[in-house]
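Structure file data_0.txt (compact mmCIF, C-alpha atoms and all ligand atoms) is printed below.
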# COMPACT_ATOMS: atom_id res chain seq x y z
CA MET Y 1 37.70 43.76 51.03
CA ILE Y 2 34.65 45.20 49.37
CA ILE Y 3 31.38 45.01 51.33
CA LEU Y 4 28.22 44.77 49.24
CA LYS Y 5 25.03 45.31 51.20
CA SER Y 6 22.32 44.68 48.63
CA VAL Y 7 21.55 42.33 45.76
CA GLU Y 8 21.63 45.29 43.36
CA GLU Y 9 25.06 46.45 44.56
CA PHE Y 10 26.40 42.91 44.43
CA LYS Y 11 25.16 42.36 40.87
CA ILE Y 12 26.92 45.51 39.65
CA TRP Y 13 30.19 44.36 41.28
CA ARG Y 14 29.70 40.82 39.93
CA SER Y 15 29.18 42.00 36.35
CA LYS Y 16 32.73 43.41 36.40
CA GLN Y 17 34.42 40.22 37.65
CA THR Y 18 36.29 38.08 35.18
CA ALA Y 19 38.26 35.80 37.53
CA THR Y 20 36.93 32.48 38.88
CA ILE Y 21 34.87 32.87 42.02
CA GLY Y 22 34.80 30.64 45.09
CA PHE Y 23 31.84 31.19 47.41
CA VAL Y 24 31.39 30.50 51.13
CA PRO Y 25 27.85 31.12 52.45
CA THR Y 26 27.57 31.60 56.23
CA MET Y 27 25.16 32.89 58.85
CA GLY Y 28 27.93 34.79 60.65
CA GLY Y 29 29.24 34.14 64.14
CA LEU Y 30 32.41 33.07 62.38
CA HIS Y 31 34.77 30.46 63.85
CA GLN Y 32 37.66 28.29 62.70
CA GLY Y 33 35.24 25.92 60.92
CA HIS Y 34 34.05 28.74 58.66
CA LEU Y 35 37.66 29.84 58.24
CA SER Y 36 38.75 26.47 56.88
CA LEU Y 37 36.13 26.82 54.12
CA MET Y 38 37.40 30.30 53.31
CA GLU Y 39 41.05 29.24 53.35
CA LYS Y 40 40.26 26.46 50.89
CA SER Y 41 38.43 28.86 48.60
CA LEU Y 42 41.24 31.41 48.82
CA SER Y 43 43.76 28.75 47.82
CA GLN Y 44 41.68 27.48 44.86
CA ASN Y 45 40.20 30.65 43.34
CA GLU Y 46 41.37 34.06 42.26
CA THR Y 47 38.39 35.66 43.98
CA THR Y 48 36.61 34.57 47.15
CA VAL Y 49 33.16 35.80 48.13
CA VAL Y 50 31.72 35.22 51.60
CA SER Y 51 28.12 35.93 52.53
CA VAL Y 52 26.89 36.63 56.04
CA PHE Y 53 23.12 36.29 56.14
CA LEU Y 54 21.06 34.99 59.04
CA ASN Y 55 18.37 33.30 56.99
CA PRO Y 56 14.99 33.45 58.75
CA THR Y 57 13.28 30.87 56.52
CA GLN Y 58 15.45 28.01 57.79
CA PHE Y 59 14.51 28.61 61.43
CA ASN Y 60 11.40 26.66 62.32
CA ASN Y 61 11.72 27.96 65.89
CA ALA Y 62 11.42 31.73 66.43
CA GLU Y 63 13.28 31.58 69.76
CA ASP Y 64 16.23 29.81 68.10
CA LEU Y 65 16.47 32.60 65.51
CA LYS Y 66 16.25 35.29 68.18
CA LYS Y 67 19.02 33.69 70.22
CA TYR Y 68 21.33 32.83 67.29
CA PRO Y 69 24.71 34.42 68.16
CA SER Y 70 25.84 37.19 65.84
CA SER Y 71 29.15 39.06 65.94
CA ILE Y 72 29.39 41.13 62.79
CA LYS Y 73 32.20 43.41 64.05
CA GLU Y 74 34.43 40.45 64.87
CA ASP Y 75 33.36 38.73 61.63
CA LEU Y 76 34.44 41.76 59.59
CA ALA Y 77 37.87 41.81 61.26
CA ILE Y 78 38.32 38.08 60.53
CA LEU Y 79 37.27 38.43 56.89
CA LYS Y 80 39.60 41.38 56.35
CA SER Y 81 42.55 39.62 57.98
CA LEU Y 82 42.01 36.58 55.74
CA ASN Y 83 42.02 38.79 52.64
CA VAL Y 84 38.60 37.70 51.48
CA ASP Y 85 37.80 39.71 48.34
CA ALA Y 86 34.13 40.49 48.86
CA LEU Y 87 31.55 40.23 51.61
CA PHE Y 88 27.89 39.99 50.64
CA LEU Y 89 25.85 41.29 53.56
CA PRO Y 90 22.23 41.65 52.46
CA THR Y 91 19.15 42.46 54.55
CA THR Y 92 16.21 40.09 54.93
CA ALA Y 93 13.90 42.47 53.03
CA ASN Y 94 16.39 42.55 50.20
CA MET Y 95 16.71 38.77 50.01
CA TYR Y 96 12.96 38.14 50.33
CA PRO Y 97 11.31 41.12 48.60
CA GLU Y 98 8.35 38.96 47.61
CA GLY Y 99 7.85 37.49 51.10
CA TYR Y 100 8.30 33.76 51.41
CA ASN Y 101 6.05 32.81 48.49
CA TYR Y 102 8.52 30.60 46.63
CA LEU Y 103 10.41 27.74 48.21
CA ILE Y 104 12.70 25.00 46.86
CA GLN Y 105 11.56 21.65 48.18
CA GLU Y 106 13.25 18.28 48.17
CA GLN Y 107 10.87 15.39 48.74
CA VAL Y 108 12.85 12.52 50.27
CA ILE Y 109 16.09 13.20 52.18
CA SER Y 110 14.79 16.49 53.59
CA LYS Y 111 12.07 14.61 55.50
CA THR Y 112 14.59 12.49 57.44
CA LEU Y 113 17.12 13.19 60.26
CA CYS Y 114 17.12 16.98 60.94
CA GLY Y 115 14.13 17.41 58.62
CA LYS Y 116 11.94 15.33 60.97
CA ASP Y 117 12.65 17.57 63.95
CA ARG Y 118 12.78 20.84 62.04
CA PRO Y 119 9.88 20.95 59.57
CA GLY Y 120 10.54 23.45 56.80
CA HIS Y 121 14.21 23.82 57.72
CA PHE Y 122 15.67 22.38 54.52
CA GLU Y 123 13.18 24.24 52.31
CA GLY Y 124 14.58 27.41 53.87
CA VAL Y 125 18.17 26.27 53.37
CA LEU Y 126 17.71 25.20 49.74
CA THR Y 127 15.80 28.38 48.92
CA VAL Y 128 18.40 30.73 50.36
CA VAL Y 129 21.29 28.82 48.80
CA MET Y 130 19.55 28.91 45.40
CA LYS Y 131 19.03 32.67 45.78
CA LEU Y 132 22.64 33.22 46.86
CA LEU Y 133 24.03 31.12 44.00
CA ASN Y 134 21.93 33.03 41.46
CA ILE Y 135 23.32 36.30 42.82
CA VAL Y 136 26.97 35.33 43.41
CA LYS Y 137 27.29 33.01 40.36
CA PRO Y 138 30.38 31.21 41.67
CA GLN Y 139 32.29 28.47 39.87
CA LYS Y 140 32.97 26.72 43.18
CA LEU Y 141 30.87 26.45 46.34
CA TYR Y 142 32.41 25.52 49.71
CA MET Y 143 30.32 23.79 52.38
CA GLY Y 144 31.15 21.94 55.57
CA GLU Y 145 30.66 18.24 56.28
CA LYS Y 146 29.51 19.36 59.75
CA ASP Y 147 26.11 19.82 58.09
CA PHE Y 148 26.29 16.52 56.23
CA GLN Y 149 22.60 16.24 55.37
CA GLN Y 150 22.58 19.83 54.11
CA LEU Y 151 25.65 19.07 51.99
CA GLN Y 152 23.90 16.09 50.35
CA LEU Y 153 20.78 18.15 49.69
CA ILE Y 154 22.74 20.97 48.06
CA LYS Y 155 24.64 18.41 45.99
CA GLY Y 156 21.31 17.00 44.78
CA MET Y 157 19.89 20.44 44.03
CA ILE Y 158 22.92 21.39 41.93
CA LYS Y 159 22.60 18.15 39.96
CA ASP Y 160 18.81 18.17 39.55
CA PHE Y 161 18.65 21.81 38.49
CA PHE Y 162 21.61 21.42 36.08
CA MET Y 163 23.58 24.15 37.86
CA ASP Y 164 27.15 24.69 36.66
CA ILE Y 165 28.72 24.79 40.10
CA GLU Y 166 31.32 22.55 41.67
CA LEU Y 167 30.50 21.73 45.29
CA ILE Y 168 33.61 21.31 47.46
CA PRO Y 169 33.04 19.56 50.81
CA VAL Y 170 35.25 20.59 53.72
CA ALA Y 171 36.04 18.34 56.71
CA ILE Y 172 34.66 19.10 60.19
CA VAL Y 173 36.86 21.32 62.36
CA ARG Y 174 36.82 20.35 66.05
CA GLU Y 175 38.13 21.80 69.28
CA ASP Y 176 40.92 19.84 70.99
CA SER Y 177 38.17 18.42 73.22
CA GLY Y 178 36.58 16.78 70.17
CA LEU Y 179 33.56 19.09 70.11
CA ALA Y 180 32.70 20.21 66.57
CA LEU Y 181 32.95 23.98 66.25
CA SER Y 182 29.58 25.66 65.93
CA THR Y 183 28.28 29.20 66.34
CA ARG Y 184 25.66 27.77 68.72
CA ASN Y 185 28.44 26.58 71.09
CA ARG Y 186 28.68 30.22 72.22
CA ARG Y 187 25.36 29.80 73.97
CA LEU Y 188 26.54 26.84 76.09
CA SER Y 189 27.14 27.35 79.80
CA ALA Y 190 30.21 25.64 81.28
CA GLU Y 191 28.04 22.76 82.46
CA SER Y 192 26.27 22.41 79.10
CA LYS Y 193 29.60 22.52 77.33
CA SER Y 194 30.91 19.53 79.23
CA LYS Y 195 27.75 17.64 78.19
CA ALA Y 196 28.36 18.69 74.58
CA ILE Y 197 31.94 17.42 74.77
CA ALA Y 198 30.75 14.09 76.22
CA PHE Y 199 28.24 13.83 73.34
CA ALA Y 200 30.99 14.42 70.76
CA LYS Y 201 33.33 11.92 72.44
CA ILE Y 202 30.73 9.14 72.55
CA LEU Y 203 29.73 9.79 68.94
CA GLN Y 204 33.36 9.48 67.87
CA THR Y 205 33.83 6.17 69.69
CA PRO Y 206 33.15 3.36 67.22
CA GLY Y 207 30.57 0.81 68.31
CA ASP Y 208 27.11 -0.60 67.94
CA LEU Y 209 24.41 2.03 67.32
CA ASN Y 210 22.25 0.93 70.25
CA GLU Y 211 25.23 0.90 72.62
CA THR Y 212 26.15 4.43 71.56
CA LYS Y 213 22.55 5.51 72.10
CA SER Y 214 22.45 3.97 75.61
CA LYS Y 215 25.76 5.60 76.54
CA MET Y 216 24.40 8.99 75.53
CA GLU Y 217 21.07 8.48 77.26
CA SER Y 218 22.74 7.28 80.46
CA LEU Y 219 24.46 10.67 80.62
CA GLY Y 220 21.05 12.32 80.41
CA LEU Y 221 21.59 13.55 76.86
CA LYS Y 222 18.34 14.29 75.04
CA LEU Y 223 18.80 12.91 71.54
CA ASP Y 224 16.70 14.12 68.62
CA TYR Y 225 18.21 11.29 66.58
CA LEU Y 226 21.19 8.99 66.27
CA GLU Y 227 21.30 7.22 62.92
CA ASP Y 228 23.68 5.66 60.43
CA TRP Y 229 23.31 7.06 56.91
CA LYS Y 230 25.64 6.64 53.94
CA ASP Y 231 29.17 6.30 55.37
CA ARG Y 232 28.32 8.37 58.45
CA ARG Y 233 26.91 8.16 61.94
CA LEU Y 234 24.85 11.30 62.51
CA ALA Y 235 23.32 12.72 65.66
CA ALA Y 236 21.41 15.71 66.97
CA VAL Y 237 21.11 16.51 70.65
CA GLN Y 238 19.31 19.14 72.73
CA ILE Y 239 21.38 20.52 75.58
CA ASP Y 240 19.55 23.15 77.61
CA ASN Y 241 17.36 23.89 74.59
CA ILE Y 242 20.41 24.39 72.38
CA ARG Y 243 20.36 21.98 69.45
CA LEU Y 244 23.75 20.64 68.35
CA ILE Y 245 24.46 18.34 65.42
CA ASP Y 246 27.51 16.28 64.61
CA ASN Y 247 28.57 13.32 62.48
CA VAL Y 248 31.50 10.96 62.06
CA GLN Y 249 32.70 8.73 59.29
CA LYS Y 250 32.02 5.09 60.22
P1 LIG B 301 26.64 28.29 59.19
O1 LIG B 301 27.15 29.67 59.38
O2 LIG B 301 26.47 27.53 60.47
O3 LIG B 301 25.43 28.22 58.28
O4 LIG B 301 27.78 27.51 58.43
C1 LIG B 301 28.32 27.95 57.21
C2 LIG B 301 29.15 26.87 56.60
O5 LIG B 301 30.21 26.51 57.51
C3 LIG B 301 28.36 25.57 56.35
O6 LIG B 301 28.74 25.04 55.09
C4 LIG B 301 28.77 24.68 57.48
O7 LIG B 301 28.70 23.31 57.19
C5 LIG B 301 30.22 25.12 57.69
N1 LIG B 301 30.67 24.78 59.05
C6 LIG B 301 30.10 25.13 60.22
N2 LIG B 301 30.77 24.60 61.27
C7 LIG B 301 31.78 23.88 60.74
C8 LIG B 301 32.83 23.08 61.29
N3 LIG B 301 32.97 22.90 62.60
N4 LIG B 301 33.70 22.49 60.44
C9 LIG B 301 33.57 22.66 59.09
N5 LIG B 301 32.61 23.39 58.51
C10 LIG B 301 31.73 24.00 59.31
Take the structure in the file and give it back as structure tokens.
Amino acid sequence: MIILKSVEEFKIWRSKQTATIGFVPTMGGLHQGHLSLMEKSLSQNETTVVSVFLNPTQFNNAEDLKKYPSSIKEDLAILKSLNVDALFLPTTANMYPEGYNYLIQEQVISKTLCGKDRPGHFEGVLTVVMKLLNIVKPQKLYMGEKDFQQLQLIKGMIKDFFMDIELIPVAIVREDSGLALSTRNRRLSAESKSKAIAFAKILQTPGDLNETKSKMESLGLKLDYLEDWKDRRLAAVQIDNIRLIDNVQK
């Protein structure tokens, strides 16, 4: 696996590639959910590129960014064992040489659900994904349904900006307990984890929206939102100041 640590280095490597490229952007702290995206890309493309970049512009809360779990040594071992072809591992200064003067903004969907509780979050996400796609220039982009709203926003961006990229959605990977895998789960204490599992279980139990909400609230879960949108039921919860999101097909 080749590791490319700057935009300049990556572009030189990219200019020599002739095979089709599948791309998996991540913020590191890799788990089986990330791996399922990579495995899909590896099976559908001659070359797979993974990026690990903890994007500061999508964190509206400085504390959340500071506490975001990172495990680059373990991540490298995972990526090598999977036979990923290239890792793009840029610095913040390299990705944002101009500061944060330009942002991609969506006007409608980004203001709902997670966008309501995290102002500026999706501008940060869309901006970094646009930057990454312009650098990596993949034919296929792999993203998880875990971040369903993000997936829809990226889909819209690709369409509205006439980008020649195929977006491949990948199903949510869960623990046996039903909890959706997330890098943030590493921050959960044993007690918080059992609350997170209860949250996931209730969300996955079909039923009336208000009933689901009451069940969650009766367990003392602090919901940011619980809403039905498209074919999904989506929720965000704060457990000991750790924000978890999840969704299920209705
Ligand atoms: P992140 O590192 O959290 O930005 O996630 C990178 C990619 O992995 C995103 O496209 C996520 O939607 C996806 N992802 C994260 N967790 C899961 C999961 N449990 N199942 C499937 N995809 C996931």
Closest to Thr18 in chain Y among Y:Ser182, Y:Gln204, Y:Gln44, Y:Gln139, using all atoms listed in the file?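 Selected residue with least distance to Thr18 in chain Y: Y:Gln139.
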Can you tell me how far atom P1 of ligand LIG 301 (chain B) sits from CA of Gly99 in chain Y, in Å to one decimal? 22.4 Å
Restrict the calculation to all atoms listed in the file, then for each residue of chain Y with any atom at most 8 Å from an atom of ligand LIG 301 (chain B) give the closest atom pair and their distance in Å to one decimal, rows by chain and rising residue number, as a Markdown table.
| residue | atom | partner | partner_atom | distance |
| --- | --- | --- | --- | --- |
| Y:Val24 | CA | B:LIG301 | C2 | 6.9 |
| Y:Pro25 | CA | B:LIG301 | C1 | 5.7 |
| Y:Thr26 | CA | B:LIG301 | O1 | 3.7 |
| Y:Met27 | CA | B:LIG301 | O1 | 3.8 |
| Y:Gly28 | CA | B:LIG301 | O1 | 5.3 |
| Y:Gly29 | CA | B:LIG301 | O1 | 6.9 |
| Y:Leu30 | CA | B:LIG301 | O1 | 6.9 |
| Y:His31 | CA | B:LIG301 | N2 | 7.5 |
| Y:Gln32 | CA | B:LIG301 | N3 | 7.1 |
| Y:Gly33 | CA | B:LIG301 | C8 | 3.7 |
| Y:His34 | CA | B:LIG301 | O5 | 4.6 |
| Y:Ser36 | CA | B:LIG301 | C9 | 6.8 |
| Y:Leu37 | CA | B:LIG301 | N5 | 6.6 |
| Y:Val52 | CA | B:LIG301 | O1 | 7.7 |
| Y:Tyr142 | CA | B:LIG301 | O6 | 6.5 |
| Y:Met143 | CA | B:LIG301 | O6 | 3.4 |
| Y:Gly144 | CA | B:LIG301 | O7 | 3.2 |
| Y:Glu145 | CA | B:LIG301 | O7 | 5.5 |
| Y:Lys146 | CA | B:LIG301 | O7 | 4.8 |
| Y:Asp147 | CA | B:LIG301 | O7 | 4.4 |
| Y:Phe148 | CA | B:LIG301 | O7 | 7.3 |
| Y:Gln150 | CA | B:LIG301 | O7 | 7.7 |
| Y:Leu151 | CA | B:LIG301 | O7 | 7.4 |
| Y:Val170 | CA | B:LIG301 | C9 | 6.0 |
| Y:Ala171 | CA | B:LIG301 | C9 | 5.5 |
| Y:Ile172 | CA | B:LIG301 | N4 | 3.5 |
| Y:Val173 | CA | B:LIG301 | N4 | 3.9 |
| Y:Arg174 | CA | B:LIG301 | N3 | 5.8 |
| Y:Ala180 | CA | B:LIG301 | N3 | 4.8 |
| Y:Leu181 | CA | B:LIG301 | N3 | 3.8 |
| Y:Ser182 | CA | B:LIG301 | N2 | 4.9 |
| Y:Thr183 | CA | B:LIG301 | O2 | 6.4 |
Residue with smallest distance to Asn61 in chain Y - pool Y:Arg118, Y:Arg186, Y:Lys195, Y:Lys201, counting all atoms listed in the file: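 Among the listed residues, the smallest separation from Asn61 in chain Y belongs to Y:Arg118.
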Quick one: residues within 9 Å of Lys250 in chain Y, only C-alpha atoms counted, chain neighbours fewer than 6 positions away excluded, as a list in words? Gln204, Pro206, Asp228, Asp231, Arg232 and Arg233 of chain Y
Point-to-point distance in Å for CA of Ser51 in chain Y and CA of Leu132 in chain Y: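 Rounded to one decimal, the two atoms are 8.3 Å apart.
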Within 10 Å of range 5-10 of chain Y: each range 54-124 of chain Y residue with its shortest pair, all atoms listed in the file, as a Markdown table:
| residue | atom | partner | partner_atom | distance |
| --- | --- | --- | --- | --- |
| Y:Ala86 | CA | Y:Phe10 | CA | 9.2 |
| Y:Leu87 | CA | Y:Lys5 | CA | 8.3 |
| Y:Phe88 | CA | Y:Lys5 | CA | 6.1 |
| Y:Leu89 | CA | Y:Lys5 | CA | 4.7 |
| Y:Pro90 | CA | Y:Lys5 | CA | 4.8 |
| Y:Thr91 | CA | Y:Ser6 | CA | 7.1 |
| Y:Thr92 | CA | Y:Ser6 | CA | 9.9 |
| Y:Ala93 | CA | Y:Ser6 | CA | 9.8 |
| Y:Asn94 | CA | Y:Ser6 | CA | 6.5 |
| Y:Met95 | CA | Y:Val7 | CA | 7.4 |
Excluding Ile242 in chain Y and any residue of its chain fewer than 4 positions from it, enumerate the residues within 9 Å of it, using only C-alpha atoms, and give them as an NGL selection string. :Y and (64 or 184-185 or 187-188 or 237-238)
Using all atoms listed in the file, which residue out of Y:Cys114, Y:Leu153, Y:Leu219, Y:Ile158 lies closest to Asn134 in chain Y?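 Comparing Y:Cys114, Y:Leu153, Y:Leu219, Y:Ile158 against Asn134 in chain Y, the winner is Y:Ile158.
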Select, counting all atoms listed in the file, all protein, DNA and RNA residues no farther than 12 Å from (16.1, 17.9, 68.2) in file coordinates, and express the selection as a list in words. Asn60, Asn61, Asp64, Leu113, Cys114, Gly115, Lys116, Asp117, Arg118, Pro119, Leu221, Lys222, Leu223, Asp224, Tyr225, Leu226, Ala235, Ala236, Val237, Gln238, Ile239, Asp240, Asn241, Ile242, Arg243, Leu244 and Ile245 of chain Y
Would you compute the distance between CA of Ser192 in chain Y and CA of Leu54 in chain Y? Give it in Å to one decimal. 24.2 Å
Determine the nearest neighbour of Glu227 in chain Y from the options Y:Val125, Y:Lys140, Y:Thr112, Y:Leu167, counting all atoms listed in the file.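 Nearest to Glu227 in chain Y: Y:Thr112.
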Return the single residue from Y:Met1, Y:Ala77, Y:Met38, Y:Ala198 that is closest to Pro169 in chain Y, with distances computed using all atoms listed in the file. Y:Met38
Skip Glu123 in chain Y itself and residues of its chain fewer than 5 positions away, then list as an mmCIF file with C-alpha atoms, in the coordinates of the input all residues within 12 Å of it, counting all atoms listed in the file.
data_model
loop_
_atom_site.group_PDB
_atom_site.id
_atom_site.type_symbol
_atom_site.label_atom_id
_atom_site.label_comp_id
_atom_site.auth_asym_id
_atom_site.auth_seq_id
_atom_site.Cartn_x
_atom_site.Cartn_y
_atom_site.Cartn_z
ATOM 1 C CA ASN Y 55 18.370 33.300 56.990
ATOM 2 C CA PRO Y 56 14.990 33.450 58.750
ATOM 3 C CA THR Y 57 13.280 30.870 56.520
ATOM 4 C CA GLN Y 58 15.450 28.010 57.790
ATOM 5 C CA PHE Y 59 14.510 28.610 61.430
ATOM 6 C CA ASN Y 60 11.400 26.660 62.320
ATOM 7 C CA TYR Y 100 8.300 33.760 51.410
ATOM 8 C CA ASN Y 101 6.050 32.810 48.490
ATOM 9 C CA TYR Y 102 8.520 30.600 46.630
ATOM 10 C CA LEU Y 103 10.410 27.740 48.210
ATOM 11 C CA ILE Y 104 12.700 25.000 46.860
ATOM 12 C CA GLN Y 105 11.560 21.650 48.180
ATOM 13 C CA GLU Y 106 13.250 18.280 48.170
ATOM 14 C CA GLN Y 107 10.870 15.390 48.740
ATOM 15 C CA VAL Y 108 12.850 12.520 50.270
ATOM 16 C CA ILE Y 109 16.090 13.200 52.180
ATOM 17 C CA SER Y 110 14.790 16.490 53.590
ATOM 18 C CA LYS Y 111 12.070 14.610 55.500
ATOM 19 C CA CYS Y 114 17.120 16.980 60.940
ATOM 20 C CA GLY Y 115 14.130 17.410 58.620
ATOM 21 C CA ARG Y 118 12.780 20.840 62.040
ATOM 22 C CA VAL Y 128 18.400 30.730 50.360
ATOM 23 C CA VAL Y 129 21.290 28.820 48.800
ATOM 24 C CA MET Y 130 19.550 28.910 45.400
ATOM 25 C CA GLN Y 150 22.580 19.830 54.110
ATOM 26 C CA LEU Y 153 20.780 18.150 49.690
ATOM 27 C CA ILE Y 154 22.740 20.970 48.060
ATOM 28 C CA MET Y 157 19.890 20.440 44.030
#
From Y:Trp13, Y:Phe162, Y:Tyr68, Y:Phe23, residue lying nearest Lys137 in chain Y [all atoms listed in the file]: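 Smallest distance to Lys137 in chain Y is found for Y:Phe23.
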Could you name the residues that touch Ala19 in chain Y at 9 Å or less, counting only C-alpha atoms, but leaving out those on the same chain fewer than 6 positions away, as a PyMOL selection string? chain Y and resi 45-47
Repaired coordinates for range 165-191 of chain Y (N, CA and C atoms) as a tab-separated table (two decimals), in the coordinates of the input:
chain	number	residue	atom	x	y	z
Y	165	ILE	N	27.95	24.41	38.91
Y	165	ILE	CA	28.72	24.79	40.10
Y	165	ILE	C	29.36	23.54	40.66
Y	166	GLU	N	30.64	23.68	41.04
Y	166	GLU	CA	31.32	22.55	41.67
Y	166	GLU	C	31.21	22.71	43.19
Y	167	LEU	N	30.65	21.69	43.83
Y	167	LEU	CA	30.50	21.73	45.29
Y	167	LEU	C	31.73	21.09	45.93
Y	168	ILE	N	32.41	21.84	46.80
Y	168	ILE	CA	33.61	21.31	47.46
Y	168	ILE	C	33.30	21.10	48.94
Y	169	PRO	N	33.28	19.82	49.38
Y	169	PRO	CA	33.04	19.56	50.81
Y	169	PRO	C	34.29	19.81	51.63
Y	170	VAL	N	34.10	20.32	52.84
Y	170	VAL	CA	35.25	20.59	53.72
Y	170	VAL	C	35.04	19.85	55.05
Y	171	ALA	N	36.11	19.19	55.51
Y	171	ALA	CA	36.04	18.34	56.71
Y	171	ALA	C	35.65	19.15	57.96
Y	172	ILE	N	35.10	18.45	58.94
Y	172	ILE	CA	34.66	19.10	60.19
Y	172	ILE	C	35.88	19.57	60.99
Y	173	VAL	N	35.81	20.80	61.47
Y	173	VAL	CA	36.86	21.32	62.36
Y	173	VAL	C	36.34	21.18	63.79
Y	174	ARG	N	37.19	20.58	64.65
Y	174	ARG	CA	36.82	20.35	66.05
Y	174	ARG	C	37.75	21.07	67.00
Y	175	GLU	N	37.26	21.33	68.20
Y	175	GLU	CA	38.13	21.80	69.28
Y	175	GLU	C	39.03	20.64	69.69
Y	176	ASP	N	40.07	20.92	70.49
Y	176	ASP	CA	40.92	19.84	70.99
Y	176	ASP	C	40.10	18.83	71.79
Y	177	SER	N	39.03	19.30	72.42
Y	177	SER	CA	38.17	18.42	73.22
Y	177	SER	C	37.40	17.42	72.37
Y	178	GLY	N	37.35	17.65	71.06
Y	178	GLY	CA	36.58	16.78	70.17
Y	178	GLY	C	35.25	17.39	69.76
Y	179	LEU	N	34.83	18.44	70.45
Y	179	LEU	CA	33.56	19.09	70.11
Y	179	LEU	C	33.67	19.80	68.75
Y	180	ALA	N	32.70	19.54	67.87
Y	180	ALA	CA	32.70	20.21	66.57
Y	180	ALA	C	32.41	21.69	66.77
Y	181	LEU	N	33.19	22.54	66.11
Y	181	LEU	CA	32.95	23.98	66.25
Y	181	LEU	C	31.58	24.34	65.68
Y	182	SER	N	30.90	25.21	66.37
Y	182	SER	CA	29.58	25.66	65.93
Y	182	SER	C	29.31	27.03	66.55
Y	183	THR	N	28.63	27.88	65.81
Y	183	THR	CA	28.28	29.20	66.34
Y	183	THR	C	27.41	29.03	67.59
Y	184	ARG	N	26.57	28.00	67.58
Y	184	ARG	CA	25.66	27.77	68.72
Y	184	ARG	C	26.41	27.40	70.01
Y	185	ASN	N	27.68	26.93	69.88
Y	185	ASN	CA	28.44	26.58	71.09
Y	185	ASN	C	28.60	27.79	72.01
Y	186	ARG	N	28.53	29.00	71.42
Y	186	ARG	CA	28.68	30.22	72.22
Y	186	ARG	C	27.58	30.36	73.25
Y	187	ARG	N	26.48	29.69	73.03
Y	187	ARG	CA	25.36	29.80	73.97
Y	187	ARG	C	25.46	28.80	75.13
Y	188	LEU	N	26.44	27.90	75.07
Y	188	LEU	CA	26.54	26.84	76.09
Y	188	LEU	C	27.16	27.38	77.38
Y	189	SER	N	26.53	27.06	78.50
Y	189	SER	CA	27.14	27.35	79.80
Y	189	SER	C	28.28	26.35	80.00
Y	190	ALA	N	29.09	26.56	81.04
Y	190	ALA	CA	30.21	25.64	81.28
Y	190	ALA	C	29.69	24.21	81.47
Y	191	GLU	N	28.60	24.09	82.19
Y	191	GLU	CA	28.04	22.76	82.46
Y	191	GLU	C	27.52	22.12	81.17
